[in-house]
$ cat target_25.pdb   # PDB, C-alpha atoms and all ligand atoms
ATOM      1  CA  MET O  12     -18.935  -9.743  -0.326
ATOM      2  CA  THR O  13     -20.250 -11.648   2.639
ATOM      3  CA  ASP O  14     -18.909 -15.151   2.281
ATOM      4  CA  GLY O  15     -16.447 -17.285   0.375
ATOM      5  CA  PRO O  16     -12.711 -17.745   0.112
ATOM      6  CA  VAL O  17     -10.086 -15.170  -0.754
ATOM      7  CA  THR O  18      -9.101 -16.586  -4.121
ATOM      8  CA  ASP O  19      -6.498 -14.264  -5.579
ATOM      9  CA  GLY O  20      -3.427 -15.305  -3.663
ATOM     10  CA  PRO O  21      -1.985 -15.235  -0.195
ATOM     11  CA  VAL O  22      -2.250 -12.200   2.035
ATOM     12  CA  THR O  23       1.092 -10.409   1.667
ATOM     13  CA  ASP O  24       3.129  -8.505   4.205
ATOM     14  CA  GLU O  25       3.373  -5.436   1.982
ATOM     15  CA  PRO O  26       2.681  -2.190   3.855
ATOM     16  CA  VAL O  27      -0.945  -1.146   3.655
ATOM     17  CA  SER O  28      -2.093   2.307   2.664
ATOM     18  CA  GLU O  29      -1.428   5.168   5.035
ATOM     19  CA  GLY O  30      -3.953   7.458   3.351
ATOM     20  CA  LEU O  31      -3.832  10.093   0.645
ATOM     21  CA  GLU O  32      -1.760  12.527   2.718
ATOM     22  CA  VAL O  33       1.385  10.527   1.925
ATOM     23  CA  ILE O  34       1.199  11.696  -1.709
ATOM     24  CA  ALA O  35       2.808  14.901  -2.998
ATOM     25  CA  TRP O  36      -0.166  16.595  -4.649
ATOM     26  CA  PRO O  37      -0.840  17.650  -7.306
ATOM     27  CA  VAL O  38       0.196  14.640  -9.323
ATOM     28  CA  ARG O  39       0.944  15.593 -12.917
ATOM     29  CA  THR O  40       0.499  13.530 -16.061
ATOM     30  CA  GLU O  41       1.307  14.562 -19.617
ATOM     31  CA  ARG O  42      -1.767  16.806 -19.916
ATOM     32  CA  LEU O  43      -3.469  16.769 -16.527
ATOM     33  CA  GLU O  44      -3.162  17.499 -12.845
ATOM     34  CA  ILE O  45      -4.848  15.369 -10.201
ATOM     35  CA  ARG O  46      -5.377  16.584  -6.631
ATOM     36  CA  PRO O  47      -7.720  16.024  -3.689
ATOM     37  CA  ALA O  48     -11.042  17.814  -4.046
ATOM     38  CA  THR O  49     -11.981  20.654  -1.733
ATOM     39  CA  ALA O  50     -15.392  22.136  -0.978
ATOM     40  CA  ALA O  51     -14.548  24.923  -3.454
ATOM     41  CA  ASP O  52     -14.643  22.343  -6.305
ATOM     42  CA  GLY O  53     -18.340  21.710  -5.727
ATOM     43  CA  PRO O  54     -19.759  24.168  -8.286
ATOM     44  CA  ALA O  55     -17.319  23.101 -11.040
ATOM     45  CA  THR O  56     -18.215  19.419 -10.592
ATOM     46  CA  TRP O  57     -21.950  20.188 -10.376
ATOM     47  CA  HIS O  58     -21.633  21.884 -13.786
ATOM     48  CA  TYR O  59     -21.044  18.522 -15.514
ATOM     49  CA  ARG O  60     -22.478  16.046 -13.014
ATOM     50  CA  ARG O  61     -25.917  17.600 -13.447
ATOM     51  CA  GLN O  62     -25.847  16.949 -17.221
ATOM     52  CA  GLU O  63     -28.061  14.147 -18.420
ATOM     53  CA  SER O  64     -25.344  11.996 -20.012
ATOM     54  CA  VAL O  65     -23.400  12.001 -16.741
ATOM     55  CA  ALA O  66     -26.308  11.897 -14.271
ATOM     56  CA  LEU O  67     -27.731   8.873 -16.092
ATOM     57  CA  TRP O  68     -24.969   6.626 -14.734
ATOM     58  CA  ILE O  69     -23.692   8.080 -11.474
ATOM     59  CA  THR O  70     -24.909   6.940  -8.084
ATOM     60  CA  SER O  71     -26.727  10.124  -7.045
ATOM     61  CA  ALA O  72     -28.457  12.730  -9.184
ATOM     62  CA  GLN O  73     -29.364  15.590  -6.851
ATOM     63  CA  PRO O  74     -32.339  17.775  -7.731
ATOM     64  CA  ASP O  75     -30.519  21.080  -7.198
ATOM     65  CA  CYS O  76     -27.132  22.637  -6.596
ATOM     66  CA  GLU O  77     -27.780  23.153  -2.887
ATOM     67  CA  GLN O  78     -28.404  19.460  -2.284
ATOM     68  CA  TYR O  79     -25.482  18.542  -4.528
ATOM     69  CA  LEU O  80     -23.073  20.755  -2.584
ATOM     70  CA  ALA O  81     -24.297  19.341   0.728
ATOM     71  CA  ASP O  82     -23.567  15.803  -0.514
ATOM     72  CA  PHE O  83     -20.279  16.769  -2.200
ATOM     73  CA  THR O  84     -18.895  18.306   0.989
ATOM     74  CA  GLU O  85     -19.925  15.425   3.224
ATOM     75  CA  PRO O  86     -16.533  14.599   4.870
ATOM     76  CA  ALA O  87     -16.273  10.930   3.850
ATOM     77  CA  ARG O  88     -17.231  11.732   0.265
ATOM     78  CA  LEU O  89     -14.836  14.663  -0.016
ATOM     79  CA  ALA O  90     -11.997  12.597   1.440
ATOM     80  CA  ALA O  91     -12.481  10.000  -1.302
ATOM     81  CA  THR O  92     -12.751  12.512  -4.167
ATOM     82  CA  LEU O  93      -9.993  13.804  -6.430
ATOM     83  CA  VAL O  94     -10.393  16.329  -9.208
ATOM     84  CA  ILE O  95      -8.834  16.274 -12.651
ATOM     85  CA  GLU O  96      -7.598  19.618 -13.954
ATOM     86  CA  CYS O  97      -6.575  20.549 -17.467
ATOM     87  CA  ASP O  98      -5.020  23.967 -18.061
ATOM     88  CA  GLY O  99      -6.082  24.987 -14.553
ATOM     89  CA  ARG O 100      -9.766  24.060 -14.985
ATOM     90  CA  VAL O 101     -11.622  21.181 -13.342
ATOM     91  CA  ILE O 102     -12.713  18.814 -16.134
ATOM     92  CA  GLY O 103     -13.595  15.727 -14.124
ATOM     93  CA  ASP O 104     -13.374  13.878 -10.863
ATOM     94  CA  LEU O 105     -12.196  10.547  -9.539
ATOM     95  CA  MET O 106     -13.212   8.419  -6.584
ATOM     96  CA  LEU O 107     -10.516   6.665  -4.591
ATOM     97  CA  ALA O 108     -12.201   4.858  -1.726
ATOM     98  CA  ILE O 109      -9.761   2.748   0.256
ATOM     99  CA  GLU O 110     -11.449  -0.241   1.823
ATOM    100  CA  ASP O 111     -10.901  -3.572   3.537
ATOM    101  CA  ALA O 112     -10.754  -6.804   1.558
ATOM    102  CA  TRP O 113     -13.007  -9.650   2.593
ATOM    103  CA  ALA O 114     -11.124 -11.980   4.944
ATOM    104  CA  GLN O 115     -11.720 -14.746   7.405
ATOM    105  CA  ALA O 116     -11.962 -13.576  10.982
ATOM    106  CA  GLU O 117      -8.515 -14.764  12.106
ATOM    107  CA  VAL O 118      -6.689 -12.718   9.427
ATOM    108  CA  ARG O 119      -9.046  -9.759   9.214
ATOM    109  CA  ASP O 120      -6.476  -7.302  10.542
ATOM    110  CA  ARG O 121      -4.222  -8.075   7.597
ATOM    111  CA  ALA O 122      -6.975  -7.296   5.111
ATOM    112  CA  ARG O 123      -7.686  -3.772   6.340
ATOM    113  CA  ALA O 124      -7.284  -0.883   3.864
ATOM    114  CA  VAL O 125      -5.563  -3.063   1.270
ATOM    115  CA  GLN O 126      -7.707  -2.223  -1.740
ATOM    116  CA  ALA O 127      -9.646   0.636  -3.307
ATOM    117  CA  GLU O 128     -12.821   1.120  -5.252
ATOM    118  CA  LEU O 129     -12.329   3.585  -8.093
ATOM    119  CA  GLY O 130     -14.810   5.794  -9.921
ATOM    120  CA  TRP O 131     -14.825   8.651 -12.458
ATOM    121  CA  SER O 132     -16.799  11.339 -14.236
ATOM    122  CA  LEU O 133     -15.713  13.662 -16.991
ATOM    123  CA  ASP O 134     -17.294  16.831 -18.312
ATOM    124  CA  PRO O 135     -19.003  15.673 -21.556
ATOM    125  CA  VAL O 136     -17.214  18.364 -23.562
ATOM    126  CA  GLN O 137     -13.932  16.751 -22.526
ATOM    127  CA  THR O 138     -14.719  13.170 -23.520
ATOM    128  CA  GLY O 139     -13.181  11.447 -26.527
ATOM    129  CA  LYS O 140      -9.706  12.895 -25.933
ATOM    130  CA  GLY O 141      -8.228  10.181 -23.732
ATOM    131  CA  TYR O 142      -8.298  12.323 -20.579
ATOM    132  CA  ALA O 143     -10.126   9.707 -18.503
ATOM    133  CA  THR O 144      -7.696   7.015 -19.635
ATOM    134  CA  GLU O 145      -4.757   9.245 -18.714
ATOM    135  CA  ALA O 146      -6.197  10.136 -15.303
ATOM    136  CA  VAL O 147      -7.348   6.638 -14.346
ATOM    137  CA  ALA O 148      -4.072   5.034 -15.449
ATOM    138  CA  GLU O 149      -2.317   7.488 -13.138
ATOM    139  CA  LEU O 150      -4.815   6.806 -10.359
ATOM    140  CA  ILE O 151      -4.018   3.107 -10.595
ATOM    141  CA  ARG O 152      -0.276   3.848 -10.499
ATOM    142  CA  ILE O 153      -0.847   5.919  -7.341
ATOM    143  CA  CYS O 154      -2.790   3.047  -5.774
ATOM    144  CA  PHE O 155      -0.088   0.490  -6.411
ATOM    145  CA  GLU O 156       3.180   2.443  -6.289
ATOM    146  CA  GLU O 157       2.447   5.080  -3.684
ATOM    147  CA  LEU O 158      -0.332   3.660  -1.525
ATOM    148  CA  HIS O 159       0.914   0.062  -1.800
ATOM    149  CA  LEU O 160      -2.595  -1.303  -2.265
ATOM    150  CA  ARG O 161      -2.921  -4.846  -3.546
ATOM    151  CA  ARG O 162      -6.103  -4.576  -5.640
ATOM    152  CA  VAL O 163      -8.363  -1.997  -7.265
ATOM    153  CA  THR O 164     -11.978  -2.506  -8.302
ATOM    154  CA  ALA O 165     -14.649  -0.577 -10.192
ATOM    155  CA  GLN O 166     -18.297  -1.162 -10.965
ATOM    156  CA  CYS O 167     -20.708   0.063 -13.600
ATOM    157  CA  PHE O 168     -23.999  -0.740 -15.247
ATOM    158  CA  ALA O 169     -23.409  -3.101 -18.176
ATOM    159  CA  ASP O 170     -25.108  -0.544 -20.428
ATOM    160  CA  ASN O 171     -22.489   2.060 -19.510
ATOM    161  CA  GLU O 172     -20.164   1.056 -22.290
ATOM    162  CA  SER O 173     -17.971   4.179 -22.030
ATOM    163  CA  SER O 174     -17.157   3.287 -18.455
ATOM    164  CA  TRP O 175     -16.330  -0.398 -18.916
ATOM    165  CA  ARG O 176     -14.360   0.331 -22.067
ATOM    166  CA  LEU O 177     -12.316   2.763 -19.989
ATOM    167  CA  MET O 178     -11.724  -0.002 -17.421
ATOM    168  CA  GLU O 179     -10.456  -2.277 -20.171
ATOM    169  CA  ARG O 180      -8.222   0.454 -21.649
ATOM    170  CA  VAL O 181      -6.454   0.805 -18.306
ATOM    171  CA  GLY O 182      -5.974  -2.958 -18.007
ATOM    172  CA  MET O 183      -8.742  -3.914 -15.596
ATOM    173  CA  ARG O 184     -10.295  -7.380 -15.837
ATOM    174  CA  ARG O 185     -14.024  -8.081 -15.869
ATOM    175  CA  GLU O 186     -14.629 -10.205 -12.781
ATOM    176  CA  SER O 187     -18.381 -10.425 -12.594
ATOM    177  CA  HIS O 188     -21.532  -9.831 -14.557
ATOM    178  CA  ASP O 189     -24.519  -9.433 -12.278
ATOM    179  CA  VAL O 190     -27.737 -10.206 -14.101
ATOM    180  CA  ARG O 191     -30.428  -7.622 -13.335
ATOM    181  CA  GLY O 192     -28.779  -7.093  -9.967
ATOM    182  CA  SER O 193     -28.748  -3.290  -9.822
ATOM    183  CA  LEU O 194     -31.728  -0.954  -9.638
ATOM    184  CA  HIS O 195     -31.484   2.123 -11.842
ATOM    185  CA  ARG O 196     -33.421   5.225 -10.831
ATOM    186  CA  SER O 197     -35.513   4.679 -13.980
ATOM    187  CA  GLY O 198     -37.035   1.779 -12.052
ATOM    188  CA  GLU O 199     -35.379  -0.885 -14.213
ATOM    189  CA  TRP O 200     -33.251  -3.683 -12.757
ATOM    190  CA  LEU O 201     -30.090  -3.610 -14.877
ATOM    191  CA  ASP O 202     -27.078  -5.844 -15.380
ATOM    192  CA  GLY O 203     -23.861  -4.712 -13.715
ATOM    193  CA  PHE O 204     -20.161  -5.377 -14.228
ATOM    194  CA  THR O 205     -17.364  -5.486 -11.689
ATOM    195  CA  TYR O 206     -13.794  -5.037 -12.853
ATOM    196  CA  ALA O 207     -10.579  -5.455 -10.873
ATOM    197  CA  LEU O 208      -6.824  -5.364 -11.190
ATOM    198  CA  LEU O 209      -4.192  -6.773  -8.844
ATOM    199  CA  ALA O 210      -0.901  -5.020  -8.163
ATOM    200  CA  ASP O 211       1.107  -7.948  -9.482
ATOM    201  CA  GLU O 212      -0.962  -8.076 -12.681
ATOM    202  CA  TRP O 213      -0.359  -4.361 -13.157
ATOM    203  CA  ARG O 214       3.399  -4.736 -12.582
ATOM    204  CA  SER O 215       3.610  -7.681 -14.997
ATOM    205  CA  ALA O 216       1.737  -5.734 -17.660
ATOM    206  CA  ARG O 217       4.098  -2.763 -17.200
ATOM    207  CA  LEU O 218       7.099  -5.042 -17.594
ATOM    208  CA  GLY O 219       5.490  -6.663 -20.612
ATOM    209  CA  THR O 220       5.513 -10.114 -19.032
ATOM    210  CA  PRO O 221       2.510 -12.459 -19.015
TER
HETATM  211  C1  LIG B   1     -16.771   7.098 -18.416
HETATM  212  C2  LIG B   1     -16.134   8.327 -19.045
HETATM  213  C3  LIG B   1     -15.202   9.017 -18.045
HETATM  214  C4  LIG B   1     -15.319   7.856 -20.272
HETATM  215  O1  LIG B   1     -14.911   8.985 -21.019
HETATM  216  P1  LIG B   1     -14.183   8.784 -22.434
HETATM  217  O2  LIG B   1     -14.046  10.108 -23.063
HETATM  218  O3  LIG B   1     -14.878   7.709 -23.201
HETATM  219  O4  LIG B   1     -12.761   8.227 -22.053
HETATM  220  P2  LIG B   1     -11.360   8.884 -22.402
HETATM  221  O5  LIG B   1     -11.300  10.272 -21.878
HETATM  222  O6  LIG B   1     -10.326   7.933 -21.925
HETATM  223  O7  LIG B   1     -11.354   8.966 -23.996
HETATM  224  C5  LIG B   1     -11.348   7.799 -24.764
HETATM  225  C6  LIG B   1     -11.772   8.135 -26.163
HETATM  226  O8  LIG B   1     -10.917   9.155 -26.658
HETATM  227  C7  LIG B   1     -10.171   8.659 -27.776
HETATM  228  N1  LIG B   1      -8.828   9.234 -27.626
HETATM  229  C8  LIG B   1      -8.401  10.356 -28.262
HETATM  230  N2  LIG B   1      -7.169  10.648 -27.872
HETATM  231  C9  LIG B   1      -6.779   9.701 -26.981
HETATM  232  C10 LIG B   1      -5.601   9.470 -26.256
HETATM  233  N3  LIG B   1      -4.542  10.297 -26.317
HETATM  234  N4  LIG B   1      -5.556   8.401 -25.407
HETATM  235  C11 LIG B   1      -6.598   7.552 -25.306
HETATM  236  N5  LIG B   1      -7.766   7.740 -25.981
HETATM  237  C12 LIG B   1      -7.850   8.793 -26.834
HETATM  238  C13 LIG B   1     -10.248   7.167 -27.679
HETATM  239  O9  LIG B   1     -10.099   6.558 -28.942
HETATM  240  C14 LIG B   1     -11.637   6.979 -27.119
HETATM  241  O10 LIG B   1     -12.574   7.200 -28.132
HETATM  242  P3  LIG B   1     -13.747   6.118 -28.457
HETATM  243  O11 LIG B   1     -14.619   6.065 -27.242
HETATM  244  O12 LIG B   1     -14.417   6.695 -29.655
HETATM  245  O13 LIG B   1     -13.038   4.828 -28.691
HETATM  246  C15 LIG B   1     -17.221   9.346 -19.512
HETATM  247  O14 LIG B   1     -17.995   8.739 -20.518
HETATM  248  C16 LIG B   1     -18.127   9.821 -18.410
HETATM  249  O15 LIG B   1     -17.777  10.695 -17.626
HETATM  250  N6  LIG B   1     -19.364   9.240 -18.335
HETATM  251  C17 LIG B   1     -20.395   9.698 -17.419
HETATM  252  C18 LIG B   1     -20.090   9.365 -15.976
HETATM  253  C19 LIG B   1     -19.930   7.883 -15.776
HETATM  254  O16 LIG B   1     -20.489   7.060 -16.478
HETATM  255  N7  LIG B   1     -19.131   7.549 -14.754
HETATM  256  C20 LIG B   1     -18.891   6.156 -14.402
HETATM  257  C21 LIG B   1     -20.015   5.585 -13.624
HETATM  258  S1  LIG B   1     -19.731   3.842 -13.351
END

$ encode --input "target_25.pdb" --output "structure tokens" --more "lines below"
Ligand SMILES: CC(C)(COP(=O)(O)OP(=O)(O)OC[C@H]1O[C@@H](n2cnc3c(N)ncnc32)[C@H](O)[C@@H]1OP(=O)(O)O)[C@@H](O)C(=O)NCCC(=O)NCCS
Amino acid sequence: MTDGPVTDGPVTDEPVSEGLEVIAWPVRTERLEIRPATAADGPATWHYRRQESVALWITSAQPDCEQYLADFTEPARLAATLVIECDGRVIGDLMLAIEDAWAQAEVRDRARAVQAELGWSLDPVQTGKGYATEAVAELIRICFEELHLRRVTAQCFADNESSWRLMERVGMRRESHDVRGSLHRSGEWLDGFTYALLADEWRSARLGTP
């Protein structure tokens, strides 16, 4: 975002995120464990990220394992990557990239590290079981309850129905539909969706209030 007003409410004085080290990892859900990725998780994530149904939608599709591992272990990328484990095996990964919100210059300091962009990939043999829903719902809880962020966002190609349906299952709202705004590696300019969820929306939904 480069211009325009902040439209979703006043800047609050809630504490901003201190980073993922404040969390007691691994975080457990009913069936899964979520923890920060390490370089040693590279081969397990390459195993499914290289598969066509996954590579089709993700940002980078490296030509070989060597290049993949170099990208995976790049410090900024690794710091924003979590892995999902089921019965001790890595079955997917999550992105949690904490970022600044757009703000006018005079209040920019108060908009630093207040939101996160989320992302996800699951091993295709593990889809259709609700694992992504379980992991992403927990990721959102971590963002709001433990990191005290005020907003989460996610983006996908409009044709990636599995991904935007996941966003809707975890309560995210479609905020924008970009018409032929994103270039796919196939060479086609595709539509894209942006989804978001505010902390107060999430809390209201948990309490069952409108
Ligand atoms: C996006 C992605 C993670 C979604 O995976 P998914 O398996 O559809 O999502 P879930 O794990 O939450 O499973 C939901 C499905 O399991 C079913 N399910 C079974 N048990 C369930 C349970 N306990 N809870 C919820 N859903 C359950 C749901 O009905 C749903 O099935 P449906 O799609 O037929 O309606 C996966 O398709 C993927 O990795 N895609 C490739 C990478 C990608 O696109 N990343 C995002 C780039 S923007």

$ closest_atom_pairs --input "target_25.pdb" --of "chain O" --to "ligand LIG 1 (chain B)" --cutoff "8 Å" --atoms "all atoms listed in the file" --output "JSON lines"
{"residue": "O:Arg60", "atom": "CA", "partner": "B:LIG1", "partner_atom": "C18", "distance": 7.7}
{"residue": "O:Ser64", "atom": "CA", "partner": "B:LIG1", "partner_atom": "C17", "distance": 6.0}
{"residue": "O:Val65", "atom": "CA", "partner": "B:LIG1", "partner_atom": "C17", "distance": 3.8}
{"residue": "O:Ala66", "atom": "CA", "partner": "B:LIG1", "partner_atom": "C18", "distance": 6.9}
{"residue": "O:Leu67", "atom": "CA", "partner": "B:LIG1", "partner_atom": "O16", "distance": 7.5}
{"residue": "O:Trp68", "atom": "CA", "partner": "B:LIG1", "partner_atom": "O16", "distance": 4.8}
{"residue": "O:Ile69", "atom": "CA", "partner": "B:LIG1", "partner_atom": "C21", "distance": 4.9}
{"residue": "O:Thr70", "atom": "CA", "partner": "B:LIG1", "partner_atom": "C21", "distance": 7.5}
{"residue": "O:Gly103", "atom": "CA", "partner": "B:LIG1", "partner_atom": "O15", "distance": 7.4}
{"residue": "O:Gly130", "atom": "CA", "partner": "B:LIG1", "partner_atom": "C20", "distance": 6.1}
{"residue": "O:Trp131", "atom": "CA", "partner": "B:LIG1", "partner_atom": "N7", "distance": 5.0}
{"residue": "O:Ser132", "atom": "CA", "partner": "B:LIG1", "partner_atom": "O15", "distance": 3.6}
{"residue": "O:Leu133", "atom": "CA", "partner": "B:LIG1", "partner_atom": "O15", "distance": 3.7}
{"residue": "O:Asp134", "atom": "CA", "partner": "B:LIG1", "partner_atom": "O15", "distance": 6.2}
{"residue": "O:Pro135", "atom": "CA", "partner": "B:LIG1", "partner_atom": "O15", "distance": 6.5}
{"residue": "O:Gln137", "atom": "CA", "partner": "B:LIG1", "partner_atom": "O2", "distance": 6.7}
{"residue": "O:Thr138", "atom": "CA", "partner": "B:LIG1", "partner_atom": "O2", "distance": 3.2}
{"residue": "O:Gly139", "atom": "CA", "partner": "B:LIG1", "partner_atom": "O8", "distance": 3.2}
{"residue": "O:Lys140", "atom": "CA", "partner": "B:LIG1", "partner_atom": "C8", "distance": 3.7}
{"residue": "O:Gly141", "atom": "CA", "partner": "B:LIG1", "partner_atom": "N5", "distance": 3.4}
{"residue": "O:Tyr142", "atom": "CA", "partner": "B:LIG1", "partner_atom": "O5", "distance": 3.9}
{"residue": "O:Ala143", "atom": "CA", "partner": "B:LIG1", "partner_atom": "O5", "distance": 3.6}
{"residue": "O:Thr144", "atom": "CA", "partner": "B:LIG1", "partner_atom": "O6", "distance": 3.6}
{"residue": "O:Glu145", "atom": "CA", "partner": "B:LIG1", "partner_atom": "O6", "distance": 6.6}
{"residue": "O:Ala165", "atom": "CA", "partner": "B:LIG1", "partner_atom": "S1", "distance": 7.4}
{"residue": "O:Gln166", "atom": "CA", "partner": "B:LIG1", "partner_atom": "S1", "distance": 5.7}
{"residue": "O:Cys167", "atom": "CA", "partner": "B:LIG1", "partner_atom": "S1", "distance": 3.9}
{"residue": "O:Phe168", "atom": "CA", "partner": "B:LIG1", "partner_atom": "S1", "distance": 6.5}
{"residue": "O:Asn171", "atom": "CA", "partner": "B:LIG1", "partner_atom": "O16", "distance": 6.2}
{"residue": "O:Glu172", "atom": "CA", "partner": "B:LIG1", "partner_atom": "C1", "distance": 7.9}
{"residue": "O:Ser173", "atom": "CA", "partner": "B:LIG1", "partner_atom": "C1", "distance": 4.8}
{"residue": "O:Ser174", "atom": "CA", "partner": "B:LIG1", "partner_atom": "C1", "distance": 3.8}
{"residue": "O:Trp175", "atom": "CA", "partner": "B:LIG1", "partner_atom": "C1", "distance": 7.5}
{"residue": "O:Arg176", "atom": "CA", "partner": "B:LIG1", "partner_atom": "O3", "distance": 7.5}
{"residue": "O:Leu177", "atom": "CA", "partner": "B:LIG1", "partner_atom": "O4", "distance": 5.9}
{"residue": "O:Arg180", "atom": "CA", "partner": "B:LIG1", "partner_atom": "O6", "distance": 7.8}

$ closest_residue --input "target_25.pdb" --among "O:Leu31, O:Ala210, O:Ala72, O:Ile95" --to "His195 (chain O)" --atoms "only C-alpha atoms"
O:Ala72

$ atom_distance --input "target_25.pdb" --atom1 "CA of Thr92 (chain O)" --atom2 "CA of Ala108 (chain O)"
8.1 Å

$ atom_distance --input "target_25.pdb" --atom1 "CA of Gln126 (chain O)" --atom2 "CA of Cys154 (chain O)"
8.3 Å

$ atom_distance --input "target_25.pdb" --atom1 "CA of Tyr206 (chain O)" --atom2 "CA of Val163 (chain O)"
8.4 Å

$ resolve_selection --input "target_25.pdb" --expression "the PyMOL selection byres (((chain O and resi 73) around 12) and not hetatm)" --output "VMD selection string"
chain O and resid 57 60 to 63 66 to 67 69 to 72 74 to 83 196

$ resolve_selection --input "target_25.pdb" --expression "the PyMOL selection byres (((chain O and resi 187-191) around 10) and not hetatm)" --output "number ranges by chain"
O: 166-169, 184-186, 192-195, 199-207

$ resolve_selection --input "target_25.pdb" --expression "the PyMOL selection byres (((chain O and resi 50) around 8) and not hetatm)" --output "PyMOL selection string"
chain O and resi 48-49+51-53+80+83-84+89

$ residues_around --input "target_25.pdb" --residues "Val101 (chain O)" --least-positions-apart "3" --cutoff "8 Å" --atoms "all atoms listed in the file" --output "PDB file with C-alpha atoms, in the frame of the given file"
ATOM      1  CA  ASP O  52     -14.643  22.343  -6.305  1.00  0.00           C
ATOM      2  CA  ALA O  55     -17.319  23.101 -11.040  1.00  0.00           C
ATOM      3  CA  THR O  56     -18.215  19.419 -10.592  1.00  0.00           C
ATOM      4  CA  VAL O  94     -10.393  16.329  -9.208  1.00  0.00           C
ATOM      5  CA  ILE O  95      -8.834  16.274 -12.651  1.00  0.00           C
ATOM      6  CA  GLU O  96      -7.598  19.618 -13.954  1.00  0.00           C
ATOM      7  CA  CYS O  97      -6.575  20.549 -17.467  1.00  0.00           C
ATOM      8  CA  ASP O 104     -13.374  13.878 -10.863  1.00  0.00           C
TER       9      ASP O 104
END

$ closest_residue --input "target_25.pdb" --among "O:Glu212, O:Ala127, O:Gly99, O:Met106" --to "His159 (chain O)" --atoms "all atoms listed in the file"
O:Ala127

$ residues_around --input "target_25.pdb" --residues "Trp36 (chain O)" --least-positions-apart "5" --cutoff "8 Å" --atoms "only C-alpha atoms" --output "MDAnalysis selection string"
chainID O and resid 45:47

$ residues_near_point --input "target_25.pdb" --point "(-3.0, 20.5, -19.6)" --cutoff "7 Å" --atoms "all atoms listed in the file" --output "list of chain:residue names"
O:Arg42, O:Leu43, O:Cys97, O:Asp98

$ residues_around --input "target_25.pdb" --residues "Ile34 (chain O)" --least-positions-apart "3" --cutoff "10 Å" --atoms "all atoms listed in the file" --output "ChimeraX atom specification"
/O:29-31,37-38,46,153,157-158
